[in-house]
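Content type mmCIF, C-alpha atoms and all ligand atoms, from the file model_4.cif:
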data_target
loop_
_atom_site.group_PDB
_atom_site.id
_atom_site.type_symbol
_atom_site.label_atom_id
_atom_site.label_comp_id
_atom_site.auth_asym_id
_atom_site.auth_seq_id
_atom_site.Cartn_x
_atom_site.Cartn_y
_atom_site.Cartn_z
ATOM 1 C CA MET A 1 96.562 -23.245 44.959
ATOM 2 C CA SER A 2 95.186 -22.743 41.422
ATOM 3 C CA PRO A 3 96.867 -20.103 39.255
ATOM 4 C CA LYS A 4 95.309 -16.723 39.326
ATOM 5 C CA PHE A 5 94.224 -15.320 35.949
ATOM 6 C CA VAL A 6 93.673 -11.665 35.597
ATOM 7 C CA SER A 7 91.281 -10.405 33.001
ATOM 8 C CA PRO A 8 93.081 -8.072 30.546
ATOM 9 C CA LYS A 9 90.289 -5.634 31.013
ATOM 10 C CA LEU A 10 91.243 -5.317 34.616
ATOM 11 C CA VAL A 11 94.947 -4.650 33.962
ATOM 12 C CA SER A 12 95.655 -1.034 34.250
ATOM 13 C CA PRO A 13 98.042 0.439 31.604
ATOM 14 C CA ASN A 14 101.705 0.538 32.598
ATOM 15 C CA PRO A 15 102.747 3.864 33.904
ATOM 16 C CA VAL A 16 104.804 5.678 31.278
ATOM 17 C CA SER A 17 108.410 6.066 32.293
ATOM 18 C CA PRO A 18 110.298 9.141 31.075
ATOM 19 C CA ASN A 19 112.563 6.937 28.881
ATOM 20 C CA SER A 20 109.949 4.767 27.221
ATOM 21 C CA VAL A 21 108.914 5.304 23.615
ATOM 22 C CA VAL A 22 105.211 5.752 23.272
ATOM 23 C CA PRO A 23 103.866 4.399 19.966
ATOM 24 C CA GLN A 24 101.889 7.092 18.216
ATOM 25 C CA SER A 25 99.012 6.287 15.982
ATOM 26 C CA ILE A 26 99.117 7.789 12.488
ATOM 27 C CA SER A 27 96.276 8.248 10.122
ATOM 28 C CA ARG A 28 95.788 5.829 7.205
ATOM 29 C CA ARG A 29 96.353 8.666 4.734
ATOM 30 C CA ARG A 30 99.650 9.643 6.376
ATOM 31 C CA PHE A 31 100.742 5.986 6.462
ATOM 32 C CA LEU A 32 100.091 5.597 2.711
ATOM 33 C CA LYS A 33 101.852 8.878 1.973
ATOM 34 C CA ILE A 34 104.981 7.864 3.879
ATOM 35 C CA GLY A 35 104.936 4.406 2.245
ATOM 36 C CA CYS A 36 104.642 5.846 -1.262
ATOM 37 C CA LEU A 37 107.386 8.401 -0.689
ATOM 38 C CA THR A 38 109.738 5.769 0.752
ATOM 39 C CA GLY A 39 109.078 3.398 -2.167
ATOM 40 C CA ALA A 40 109.678 6.147 -4.704
ATOM 41 C CA ALA A 41 112.915 7.184 -2.987
ATOM 42 C CA VAL A 42 114.251 3.612 -2.933
ATOM 43 C CA GLY A 43 113.261 3.072 -6.576
ATOM 44 C CA LEU A 44 114.893 6.288 -7.722
ATOM 45 C CA THR A 45 118.072 5.504 -5.786
ATOM 46 C CA ILE A 46 118.385 2.046 -7.376
ATOM 47 C CA CYS A 47 117.600 3.321 -10.888
ATOM 48 C CA GLY A 48 119.858 6.310 -10.453
ATOM 49 C CA ALA A 49 122.774 4.234 -9.190
ATOM 50 C CA THR A 50 122.446 1.796 -12.090
ATOM 51 C CA THR A 51 121.975 4.499 -14.703
ATOM 52 C CA LEU A 52 124.876 6.525 -13.431
ATOM 53 C CA ALA A 53 127.140 3.474 -13.185
ATOM 54 C CA PRO A 54 129.962 3.740 -15.732
ATOM 55 C CA ASP A 55 129.595 2.057 -19.113
ATOM 56 C CA PRO A 56 131.329 -1.315 -19.447
ATOM 57 C CA PRO A 57 134.937 -0.823 -20.587
ATOM 58 C CA PRO A 58 135.607 -0.857 -24.354
ATOM 59 C CA VAL A 59 135.804 -4.318 -25.884
ATOM 60 C CA GLN A 60 139.399 -5.547 -25.976
ATOM 61 C CA LEU A 61 140.073 -7.648 -29.085
ATOM 62 C CA SER A 62 143.114 -9.397 -27.661
ATOM 63 C CA SER A 63 145.573 -10.805 -30.141
ATOM 64 C CA PHE A 64 148.684 -12.561 -28.850
ATOM 65 C CA ALA A 65 151.094 -15.415 -29.451
ATOM 66 C CA TYR A 66 152.738 -18.198 -27.452
ATOM 67 C CA GLY A 67 155.846 -20.117 -28.474
ATOM 68 C CA GLU A 68 158.423 -19.680 -31.225
ATOM 69 C CA ALA A 69 157.255 -17.418 -34.036
ATOM 70 C CA THR A 70 158.941 -19.663 -36.634
ATOM 71 C CA MET A 71 157.336 -22.940 -35.606
ATOM 72 C CA ASN A 72 155.097 -24.269 -38.361
ATOM 73 C CA ASN A 73 153.108 -26.551 -36.097
ATOM 74 C CA ARG A 74 151.196 -23.696 -34.564
ATOM 75 C CA VAL A 75 147.605 -23.684 -33.371
ATOM 76 C CA LEU A 76 145.213 -20.826 -34.156
ATOM 77 C CA ILE A 77 142.493 -19.733 -31.745
ATOM 78 C CA ALA A 78 140.102 -17.551 -33.752
ATOM 79 C CA TYR A 79 137.178 -15.904 -32.009
ATOM 80 C CA ALA A 80 134.168 -13.656 -32.700
ATOM 81 C CA THR A 81 132.740 -11.394 -30.037
ATOM 82 C CA ASN A 82 130.308 -8.530 -29.646
ATOM 83 C CA ALA A 83 130.721 -7.478 -26.025
ATOM 84 C CA GLY A 84 134.158 -8.928 -25.252
ATOM 85 C CA SER A 85 133.477 -11.975 -23.073
ATOM 86 C CA THR A 86 134.373 -14.450 -25.838
ATOM 87 C CA ALA A 87 137.683 -12.627 -26.357
ATOM 88 C CA GLU A 88 138.542 -13.256 -22.711
ATOM 89 C CA VAL A 89 137.483 -16.900 -22.981
ATOM 90 C CA ALA A 90 139.701 -17.307 -26.079
ATOM 91 C CA ALA A 91 142.598 -15.666 -24.225
ATOM 92 C CA THR A 92 142.195 -18.074 -21.294
ATOM 93 C CA ILE A 93 142.132 -21.067 -23.652
ATOM 94 C CA GLY A 94 145.288 -19.674 -25.300
ATOM 95 C CA GLU A 95 147.047 -19.212 -21.958
ATOM 96 C CA THR A 96 146.119 -22.765 -20.922
ATOM 97 C CA LEU A 97 147.378 -24.341 -24.149
ATOM 98 C CA GLY A 98 150.470 -22.119 -24.153
ATOM 99 C CA ALA A 99 151.308 -23.218 -20.624
ATOM 100 C CA ARG A 100 151.170 -26.823 -21.890
ATOM 101 C CA GLY A 101 153.826 -26.061 -24.497
ATOM 102 C CA LEU A 102 151.733 -25.438 -27.600
ATOM 103 C CA ALA A 103 152.855 -22.692 -29.989
ATOM 104 C CA LEU A 104 149.756 -20.696 -30.831
ATOM 105 C CA ASP A 105 148.147 -17.453 -31.890
ATOM 106 C CA VAL A 106 144.947 -15.966 -30.488
ATOM 107 C CA LYS A 107 143.287 -13.704 -33.068
ATOM 108 C CA PRO A 108 139.899 -12.038 -33.611
ATOM 109 C CA ILE A 109 138.108 -13.392 -36.671
ATOM 110 C CA GLN A 110 137.504 -9.863 -37.878
ATOM 111 C CA ASP A 111 141.292 -9.710 -38.613
ATOM 112 C CA ARG A 112 140.700 -12.517 -41.147
ATOM 113 C CA PRO A 113 143.544 -14.799 -39.996
ATOM 114 C CA GLN A 114 145.086 -17.013 -42.713
ATOM 115 C CA LEU A 115 145.230 -20.750 -42.004
ATOM 116 C CA ASP A 116 148.397 -21.573 -43.999
ATOM 117 C CA ASP A 117 150.733 -21.666 -40.994
ATOM 118 C CA TYR A 118 148.546 -23.719 -38.695
ATOM 119 C CA GLN A 119 148.254 -27.419 -37.980
ATOM 120 C CA ALA A 120 145.043 -27.101 -35.922
ATOM 121 C CA VAL A 121 142.400 -24.466 -35.232
ATOM 122 C CA LEU A 122 140.014 -23.628 -32.413
ATOM 123 C CA ILE A 123 137.112 -21.408 -33.442
ATOM 124 C CA GLY A 124 134.802 -19.775 -30.910
ATOM 125 C CA SER A 125 131.941 -17.327 -31.028
ATOM 126 C CA ALA A 126 129.386 -15.604 -28.876
ATOM 127 C CA ILE A 127 125.846 -16.896 -29.437
ATOM 128 C CA HIS A 128 123.258 -14.418 -30.700
ATOM 129 C CA ARG A 129 119.681 -15.556 -31.236
ATOM 130 C CA GLY A 130 120.666 -19.202 -31.250
ATOM 131 C CA HIS A 131 123.589 -18.901 -33.674
ATOM 132 C CA TRP A 132 127.273 -18.051 -33.914
ATOM 133 C CA LEU A 133 127.951 -14.460 -34.910
ATOM 134 C CA PRO A 134 127.789 -14.042 -38.719
ATOM 135 C CA GLU A 135 131.529 -13.329 -39.088
ATOM 136 C CA ALA A 136 132.334 -16.682 -37.439
ATOM 137 C CA ILE A 137 130.055 -18.578 -39.843
ATOM 138 C CA ASP A 138 131.541 -16.628 -42.780
ATOM 139 C CA PHE A 139 135.059 -17.512 -41.579
ATOM 140 C CA VAL A 140 134.225 -21.220 -41.594
ATOM 141 C CA LYS A 141 132.606 -20.987 -45.043
ATOM 142 C CA ALA A 142 135.558 -19.050 -46.475
ATOM 143 C CA ASN A 143 138.056 -21.599 -45.099
ATOM 144 C CA GLN A 144 135.936 -24.732 -45.301
ATOM 145 C CA ALA A 145 138.318 -26.686 -47.564
ATOM 146 C CA ALA A 146 141.368 -26.031 -45.363
ATOM 147 C CA LEU A 147 139.436 -26.657 -42.159
ATOM 148 C CA ASN A 148 138.363 -30.068 -43.414
ATOM 149 C CA HIS A 149 142.027 -31.105 -43.633
ATOM 150 C CA MET A 150 143.032 -30.237 -40.076
ATOM 151 C CA PRO A 151 141.743 -30.819 -36.551
ATOM 152 C CA VAL A 152 139.184 -28.179 -35.615
ATOM 153 C CA ALA A 153 137.670 -27.664 -32.164
ATOM 154 C CA LEU A 154 134.705 -25.340 -31.661
ATOM 155 C CA PHE A 155 133.446 -23.379 -28.688
ATOM 156 C CA CYS A 156 130.395 -21.278 -27.898
ATOM 157 C CA VAL A 157 129.928 -18.571 -25.273
ATOM 158 C CA HIS A 158 126.300 -18.058 -24.297
ATOM 159 C CA ILE A 159 124.049 -17.105 -21.384
ATOM 160 C CA GLN A 160 121.060 -19.444 -21.763
ATOM 161 C CA ASN A 161 120.858 -23.242 -21.678
ATOM 162 C CA THR A 162 123.737 -23.641 -19.266
ATOM 163 C CA GLY A 163 122.043 -26.285 -17.103
ATOM 164 C CA SER A 164 123.036 -29.922 -16.749
ATOM 165 C CA ASP A 165 119.557 -31.224 -17.652
ATOM 166 C CA GLU A 166 118.956 -32.929 -20.992
ATOM 167 C CA THR A 167 116.734 -30.147 -22.431
ATOM 168 C CA SER A 168 119.361 -27.541 -21.698
ATOM 169 C CA ARG A 169 122.111 -29.722 -23.156
ATOM 170 C CA GLN A 170 120.179 -30.380 -26.365
ATOM 171 C CA ARG A 171 119.447 -26.685 -26.833
ATOM 172 C CA ARG A 172 123.052 -25.578 -26.446
ATOM 173 C CA VAL A 173 124.345 -28.397 -28.645
ATOM 174 C CA ALA A 174 121.961 -27.086 -31.338
ATOM 175 C CA TYR A 175 123.884 -23.777 -31.399
ATOM 176 C CA LEU A 176 126.454 -25.533 -33.612
ATOM 177 C CA ASN A 177 124.062 -27.328 -35.978
ATOM 178 C CA GLU A 178 124.847 -25.135 -38.966
ATOM 179 C CA VAL A 179 128.615 -25.271 -38.311
ATOM 180 C CA ARG A 180 128.585 -29.074 -38.122
ATOM 181 C CA LEU A 181 127.151 -29.100 -41.653
ATOM 182 C CA LEU A 182 130.396 -27.463 -42.812
ATOM 183 C CA LEU A 183 133.033 -29.440 -40.871
ATOM 184 C CA GLN A 184 133.523 -32.261 -38.383
ATOM 185 C CA PRO A 185 134.901 -30.873 -35.117
ATOM 186 C CA ILE A 186 137.201 -32.963 -32.939
ATOM 187 C CA ASP A 187 135.598 -31.409 -29.856
ATOM 188 C CA GLU A 188 133.035 -28.800 -28.784
ATOM 189 C CA GLY A 189 132.998 -26.547 -25.728
ATOM 190 C CA PHE A 190 129.971 -24.675 -24.406
ATOM 191 C CA PHE A 191 130.695 -21.988 -21.846
ATOM 192 C CA ALA A 192 128.394 -19.788 -19.794
ATOM 193 C CA GLY A 193 129.216 -16.197 -20.749
ATOM 194 C CA ARG A 194 128.556 -12.672 -19.613
ATOM 195 C CA PHE A 195 125.597 -10.397 -20.318
ATOM 196 C CA ASN A 196 125.994 -6.704 -19.687
ATOM 197 C CA ARG A 197 124.772 -3.319 -20.858
ATOM 198 C CA ARG A 198 126.812 -3.558 -24.066
ATOM 199 C CA GLY A 199 124.947 -6.688 -25.153
ATOM 200 C CA ALA A 200 121.632 -5.358 -23.878
ATOM 201 C CA MET A 201 121.961 -2.347 -26.208
ATOM 202 C CA LEU A 202 121.320 -4.761 -29.105
ATOM 203 C CA LEU A 203 118.105 -6.063 -27.560
ATOM 204 C CA LEU A 204 116.505 -3.219 -25.604
ATOM 205 C CA PRO A 205 115.823 0.497 -25.929
ATOM 206 C CA GLY A 206 118.831 2.487 -24.683
ATOM 207 C CA TRP A 207 117.204 3.719 -21.459
ATOM 208 C CA LEU A 208 116.202 0.162 -20.533
ATOM 209 C CA ALA A 209 119.581 -1.287 -21.493
ATOM 210 C CA ARG A 210 121.198 1.146 -19.069
ATOM 211 C CA LEU A 211 119.399 -0.607 -16.217
ATOM 212 C CA VAL A 212 120.881 -4.021 -17.089
ATOM 213 C CA PRO A 213 123.450 -5.142 -14.520
ATOM 214 C CA ASN A 214 126.617 -7.070 -15.295
ATOM 215 C CA ILE A 215 125.862 -10.809 -15.201
ATOM 216 C CA ASP A 216 129.081 -12.780 -15.520
ATOM 217 C CA LEU A 217 128.588 -16.561 -15.398
ATOM 218 C CA ARG A 218 131.977 -17.532 -16.796
ATOM 219 C CA ASN A 219 133.629 -20.395 -14.962
ATOM 220 C CA TRP A 220 137.344 -20.137 -15.651
ATOM 221 C CA GLU A 221 138.064 -23.574 -14.199
ATOM 222 C CA THR A 222 135.602 -25.179 -16.640
ATOM 223 C CA ILE A 223 137.158 -23.258 -19.528
ATOM 224 C CA ARG A 224 140.716 -24.244 -18.545
ATOM 225 C CA ALA A 225 139.644 -27.864 -18.039
ATOM 226 C CA TRP A 226 138.197 -27.999 -21.557
ATOM 227 C CA ALA A 227 141.348 -26.459 -23.043
ATOM 228 C CA THR A 228 143.456 -29.006 -21.186
ATOM 229 C CA SER A 229 141.305 -31.903 -22.435
ATOM 230 C CA VAL A 230 141.450 -30.728 -26.054
ATOM 231 C CA SER A 231 145.215 -30.105 -25.969
ATOM 232 C CA PRO A 232 146.397 -33.678 -26.783
ATOM 233 C CA LEU A 233 143.936 -33.904 -29.694
ATOM 234 C CA LEU A 234 145.590 -30.850 -31.263
ATOM 235 C CA GLN A 235 149.136 -32.023 -30.588
ATOM 236 C CA LEU A 236 148.612 -35.501 -32.029
ATOM 237 C CA ALA A 237 147.728 -34.018 -35.412
HETATM 238 C C1 LIG B 301 121.510 -9.776 -29.315
HETATM 239 C C2 LIG B 301 121.875 -10.920 -28.401
HETATM 240 C C3 LIG B 301 121.323 -12.176 -28.599
HETATM 241 C C4 LIG B 301 121.663 -13.241 -27.746
HETATM 242 N N1 LIG B 301 121.120 -14.461 -27.982
HETATM 243 C C5 LIG B 301 121.454 -15.505 -27.183
HETATM 244 C C6 LIG B 301 120.902 -16.793 -27.415
HETATM 245 O O1 LIG B 301 120.139 -17.028 -28.346
HETATM 246 N N2 LIG B 301 121.247 -17.799 -26.569
HETATM 247 C C7 LIG B 301 122.114 -17.605 -25.515
HETATM 248 O O2 LIG B 301 122.387 -18.554 -24.799
HETATM 249 N N3 LIG B 301 122.674 -16.393 -25.288
HETATM 250 C C8 LIG B 301 122.360 -15.342 -26.090
HETATM 251 N N4 LIG B 301 122.905 -14.101 -25.853
HETATM 252 C C9 LIG B 301 123.876 -13.942 -24.768
HETATM 253 C C10 LIG B 301 125.312 -13.956 -25.300
HETATM 254 O O3 LIG B 301 125.582 -15.127 -25.995
HETATM 255 C C11 LIG B 301 126.269 -13.826 -24.111
HETATM 256 O O4 LIG B 301 126.009 -12.615 -23.447
HETATM 257 C C12 LIG B 301 127.721 -13.910 -24.544
HETATM 258 O O5 LIG B 301 128.553 -14.042 -23.400
HETATM 259 C C13 LIG B 301 128.132 -12.682 -25.327
HETATM 260 O O6 LIG B 301 129.450 -12.847 -25.779
HETATM 261 P P1 LIG B 301 130.379 -11.595 -26.132
HETATM 262 O O7 LIG B 301 130.554 -10.835 -24.835
HETATM 263 O O8 LIG B 301 131.662 -12.195 -26.614
HETATM 264 O O9 LIG B 301 129.691 -10.813 -27.187
HETATM 265 C C14 LIG B 301 122.572 -13.032 -26.680
HETATM 266 C C15 LIG B 301 123.120 -11.754 -26.479
HETATM 267 C C16 LIG B 301 122.777 -10.715 -27.318
HETATM 268 C C17 LIG B 301 123.401 -9.357 -27.087
#
Take the structure in the file and give it back as structure tokens.
Ligand SMILES: Cc1cc2nc3c(=O)[nH]c(=O)nc-3n(C[C@H](O)[C@H](O)[C@H](O)COP(=O)(O)O)c2cc1C
Amino acid sequence: MSPKFVSPKLVSPNPVSPNSVVPQSISRRRFLKIGCLTGAAVGLTICGATTLAPDPPPVQLSSFAYGEATMNNRVLIAYATNAGSTAEVAATIGETLGARGLALDVKPIQDRPQLDDYQAVLIGSAIHRGHWLPEAIDFVKANQAALNHMPVALFCVHIQNTGSDETSRQRRVAYLNEVRLLLQPIDEGFFAGRFNRRGAMLLLPGWLARLVPNIDLRNWETIRAWATSVSPLLQLA
């Protein structure tokens, strides 16, 4: 027996049960109105939540020491930061080297650390508009003679050009071009950083900066691995 097809036109509508939901047609105008109102509500909620979110905490310029205070074979980790992420990177490098037995000091460059007591120096800075922060460049210029008689490792904390492709690598390596004219580093580290409202305030109008979320790309394992790899170069000095 061949299957029996029933023309849709001939199918009578299902009887409506008391529990079934009957779809109601709405006018095009009402549909647009509801859509617009919903979109506006969602937008305002997102903007409001971001705007009302608390400001990032104040920047902590950490300054600490590892090892005997009297040792004269100390290492200095000097850093320059605007929004604090480079300070935390410097602290992690310090903790890693300290755990490997190095005597060291971690200090912000704005404290103008003296190099007399150090056998090696690590200098790091946030990247702004393709360069180290001005105080980091000034620190190198002011101490250029001393720095050229000791091992110096450099590191950058940045948010762009963090890829593993050749273009990305070349662009981040260029961040240190002007510093390499002043000294010959034993090693260079490039670390993905953090961009938040505090940094955005330097680039955007205040109301727009308030909408910027916290983007933290720092990879602590990568940072610790670099510190570990540079450690013997500093100790052999
Ligand atoms: C004004 C400004 C300019 C920046 N320019 C660059 C840049 O040219 N290249 C880059 O990779 N990152 C750039 N960044 C991102 C910072 O390098 C990144 O957010 C870094 O982690 C900030 O470090 P800090 O928290 O120690 O200040 C810029 C950030 C700001 C606020």
Enumerate, in order of chain and increasing residue number, the residues of chain A with an atom no farther than 9 Å from ligand LIG 301 (chain B), each with its shortest atom pair and distance in Å to one decimal, counting all atoms listed in the file, as JSON lines.
{"residue": "A:Val59", "atom": "CA", "partner": "B:LIG301", "partner_atom": "O7", "distance": 8.4}
{"residue": "A:Tyr79", "atom": "CA", "partner": "B:LIG301", "partner_atom": "O8", "distance": 8.6}
{"residue": "A:Ala80", "atom": "CA", "partner": "B:LIG301", "partner_atom": "O8", "distance": 6.7}
{"residue": "A:Thr81", "atom": "CA", "partner": "B:LIG301", "partner_atom": "O8", "distance": 3.7}
{"residue": "A:Asn82", "atom": "CA", "partner": "B:LIG301", "partner_atom": "O9", "distance": 3.4}
{"residue": "A:Ala83", "atom": "CA", "partner": "B:LIG301", "partner_atom": "O7", "distance": 3.6}
{"residue": "A:Gly84", "atom": "CA", "partner": "B:LIG301", "partner_atom": "O7", "distance": 4.1}
{"residue": "A:Ser85", "atom": "CA", "partner": "B:LIG301", "partner_atom": "O7", "distance": 3.6}
{"residue": "A:Thr86", "atom": "CA", "partner": "B:LIG301", "partner_atom": "O8", "distance": 3.6}
{"residue": "A:Ala87", "atom": "CA", "partner": "B:LIG301", "partner_atom": "O8", "distance": 6.0}
{"residue": "A:Glu88", "atom": "CA", "partner": "B:LIG301", "partner_atom": "O8", "distance": 8.0}
{"residue": "A:Val89", "atom": "CA", "partner": "B:LIG301", "partner_atom": "O8", "distance": 8.3}
{"residue": "A:Ser125", "atom": "CA", "partner": "B:LIG301", "partner_atom": "O8", "distance": 6.8}
{"residue": "A:Ala126", "atom": "CA", "partner": "B:LIG301", "partner_atom": "O6", "distance": 4.1}
{"residue": "A:Ile127", "atom": "CA", "partner": "B:LIG301", "partner_atom": "O3", "distance": 3.9}
{"residue": "A:His128", "atom": "CA", "partner": "B:LIG301", "partner_atom": "N1", "distance": 3.5}
{"residue": "A:Arg129", "atom": "CA", "partner": "B:LIG301", "partner_atom": "O1", "distance": 3.3}
{"residue": "A:Gly130", "atom": "CA", "partner": "B:LIG301", "partner_atom": "O1", "distance": 3.7}
{"residue": "A:His131", "atom": "CA", "partner": "B:LIG301", "partner_atom": "O1", "distance": 6.6}
{"residue": "A:Trp132", "atom": "CA", "partner": "B:LIG301", "partner_atom": "O3", "distance": 8.6}
{"residue": "A:Leu133", "atom": "CA", "partner": "B:LIG301", "partner_atom": "O9", "distance": 8.7}
{"residue": "A:Cys156", "atom": "CA", "partner": "B:LIG301", "partner_atom": "O3", "distance": 8.0}
{"residue": "A:Val157", "atom": "CA", "partner": "B:LIG301", "partner_atom": "O5", "distance": 5.1}
{"residue": "A:His158", "atom": "CA", "partner": "B:LIG301", "partner_atom": "O3", "distance": 3.5}
{"residue": "A:Ile159", "atom": "CA", "partner": "B:LIG301", "partner_atom": "O2", "distance": 4.1}
{"residue": "A:Gln160", "atom": "CA", "partner": "B:LIG301", "partner_atom": "O2", "distance": 3.4}
{"residue": "A:Asn161", "atom": "CA", "partner": "B:LIG301", "partner_atom": "O2", "distance": 5.8}
{"residue": "A:Thr162", "atom": "CA", "partner": "B:LIG301", "partner_atom": "O2", "distance": 7.6}
{"residue": "A:Arg171", "atom": "CA", "partner": "B:LIG301", "partner_atom": "O2", "distance": 8.9}
{"residue": "A:Arg172", "atom": "CA", "partner": "B:LIG301", "partner_atom": "O2", "distance": 7.2}
{"residue": "A:Tyr175", "atom": "CA", "partner": "B:LIG301", "partner_atom": "N2", "distance": 8.1}
{"residue": "A:Phe191", "atom": "CA", "partner": "B:LIG301", "partner_atom": "O5", "distance": 8.4}
{"residue": "A:Ala192", "atom": "CA", "partner": "B:LIG301", "partner_atom": "O5", "distance": 6.8}
{"residue": "A:Gly193", "atom": "CA", "partner": "B:LIG301", "partner_atom": "O5", "distance": 3.5}
{"residue": "A:Arg194", "atom": "CA", "partner": "B:LIG301", "partner_atom": "O5", "distance": 4.0}
{"residue": "A:Phe195", "atom": "CA", "partner": "B:LIG301", "partner_atom": "O4", "distance": 3.9}
{"residue": "A:Asn196", "atom": "CA", "partner": "B:LIG301", "partner_atom": "O4", "distance": 7.0}
{"residue": "A:Arg197", "atom": "CA", "partner": "B:LIG301", "partner_atom": "C17", "distance": 8.8}
{"residue": "A:Arg198", "atom": "CA", "partner": "B:LIG301", "partner_atom": "C17", "distance": 7.4}
{"residue": "A:Gly199", "atom": "CA", "partner": "B:LIG301", "partner_atom": "C17", "distance": 3.6}
{"residue": "A:Ala200", "atom": "CA", "partner": "B:LIG301", "partner_atom": "C17", "distance": 5.4}
{"residue": "A:Met201", "atom": "CA", "partner": "B:LIG301", "partner_atom": "C17", "distance": 7.2}
{"residue": "A:Leu202", "atom": "CA", "partner": "B:LIG301", "partner_atom": "C1", "distance": 5.0}
{"residue": "A:Leu203", "atom": "CA", "partner": "B:LIG301", "partner_atom": "C1", "distance": 5.3}
{"residue": "A:Ile215", "atom": "CA", "partner": "B:LIG301", "partner_atom": "O4", "distance": 8.4}
{"residue": "A:Asp216", "atom": "CA", "partner": "B:LIG301", "partner_atom": "O5", "distance": 8.0}
{"residue": "A:Leu217", "atom": "CA", "partner": "B:LIG301", "partner_atom": "O5", "distance": 8.4}
{"residue": "A:Arg218", "atom": "CA", "partner": "B:LIG301", "partner_atom": "O5", "distance": 8.2}
Neighbouring residues of segment 108-122 of chain A were defined as those with any atom within 9 Å, considering all atoms listed in the file; residues of the same chain fewer than 5 positions away were excluded. Please report them as a PDB file with C-alpha atoms, keeping the file's coordinate frame.
ATOM      1  CA  LEU A  61     140.073  -7.648 -29.085  1.00  0.00           C
ATOM      2  CA  SER A  62     143.114  -9.397 -27.661  1.00  0.00           C
ATOM      3  CA  SER A  63     145.573 -10.805 -30.141  1.00  0.00           C
ATOM      4  CA  MET A  71     157.336 -22.940 -35.606  1.00  0.00           C
ATOM      5  CA  ASN A  72     155.097 -24.269 -38.361  1.00  0.00           C
ATOM      6  CA  ASN A  73     153.108 -26.551 -36.097  1.00  0.00           C
ATOM      7  CA  ARG A  74     151.196 -23.696 -34.564  1.00  0.00           C
ATOM      8  CA  VAL A  75     147.605 -23.684 -33.371  1.00  0.00           C
ATOM      9  CA  LEU A  76     145.213 -20.826 -34.156  1.00  0.00           C
ATOM     10  CA  ILE A  77     142.493 -19.733 -31.745  1.00  0.00           C
ATOM     11  CA  ALA A  78     140.102 -17.551 -33.752  1.00  0.00           C
ATOM     12  CA  TYR A  79     137.178 -15.904 -32.009  1.00  0.00           C
ATOM     13  CA  ALA A  80     134.168 -13.656 -32.700  1.00  0.00           C
ATOM     14  CA  THR A  81     132.740 -11.394 -30.037  1.00  0.00           C
ATOM     15  CA  ALA A  87     137.683 -12.627 -26.357  1.00  0.00           C
ATOM     16  CA  ALA A  90     139.701 -17.307 -26.079  1.00  0.00           C
ATOM     17  CA  GLU A 135     131.529 -13.329 -39.088  1.00  0.00           C
ATOM     18  CA  ALA A 136     132.334 -16.682 -37.439  1.00  0.00           C
ATOM     19  CA  PHE A 139     135.059 -17.512 -41.579  1.00  0.00           C
ATOM     20  CA  ASN A 143     138.056 -21.599 -45.099  1.00  0.00           C
ATOM     21  CA  ALA A 146     141.368 -26.031 -45.363  1.00  0.00           C
ATOM     22  CA  LEU A 147     139.436 -26.657 -42.159  1.00  0.00           C
ATOM     23  CA  MET A 150     143.032 -30.237 -40.076  1.00  0.00           C
ATOM     24  CA  PRO A 151     141.743 -30.819 -36.551  1.00  0.00           C
ATOM     25  CA  VAL A 152     139.184 -28.179 -35.615  1.00  0.00           C
ATOM     26  CA  ALA A 153     137.670 -27.664 -32.164  1.00  0.00           C
ATOM     27  CA  LEU A 154     134.705 -25.340 -31.661  1.00  0.00           C
ATOM     28  CA  PHE A 155     133.446 -23.379 -28.688  1.00  0.00           C
ATOM     29  CA  LEU A 234     145.590 -30.850 -31.263  1.00  0.00           C
ATOM     30  CA  GLN A 235     149.136 -32.023 -30.588  1.00  0.00           C
ATOM     31  CA  ALA A 237     147.728 -34.018 -35.412  1.00  0.00           C
TER      32      ALA A 237
END
Just give me the residues with any atom within 7 Å of (135.6, -35.9, -30.5), file coordinates, counting all atoms listed in the file, written as a list in words.
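Protein, DNA and RNA residues close to (135.6, -35.9, -30.5): Pro185, Ile186 and Asp187 of chain A.
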Expected file contents, prior selection, C-alpha atoms, as a CSV table (one decimal), in the frame of the given file:
chain,number,residue,atom,x,y,z
A,185,PRO,CA,134.9,-30.9,-35.1
A,186,ILE,CA,137.2,-33.0,-32.9
A,187,ASP,CA,135.6,-31.4,-29.9
Atom-to-atom span, atom CA of Ile93 of chain A and atom CA of Ala145 of chain A, Å
24.9 Å
Residue among A:Ala65, A:Val230, A:Val179, A:Ala91 lying closest to Pro134 of chain A, counting only C-alpha atoms
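The answer is A:Val179, which sits nearest to Pro134 of chain A.
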Do you have the atom CA of Val106 of chain A-atom CA of Gly67 of chain A distance handy?
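Atom CA of Gly67 of chain A lies at a distance of 11.8 Å from atom CA of Val106 of chain A.
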Segment 63-74 of chain A: axis-aligned bounding box, 8 Å on each side, centre and edge lengths in Å, one decimal, as AutoDock Vina command-line options:
--center_x 152.3 --center_y -18.7 --center_z -32.9 --size_x 29.4 --size_y 31.7 --size_z 26.9
Just to confirm, what's the straight-line distance from atom CA of Leu182 of chain A to atom CA of Lys107 of chain A in Å (one decimal)?
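Atom-to-atom, atom CA of Leu182 of chain A and atom CA of Lys107 of chain A are spaced 21.2 Å apart.
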Between A:Arg180, A:Gln60, A:Gln144, A:Ser231, single out the one closest to Ala103 of chain A, counting all atoms listed in the file.
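Counting all atoms listed in the file, the residue closest to Ala103 of chain A is A:Ser231.
Counting all atoms listed in the file, the residue from A:Thr222, A:Gln170, A:Ser164, A:Asn177 that sits nearest to Thr92 of chain A is A:Thr222.
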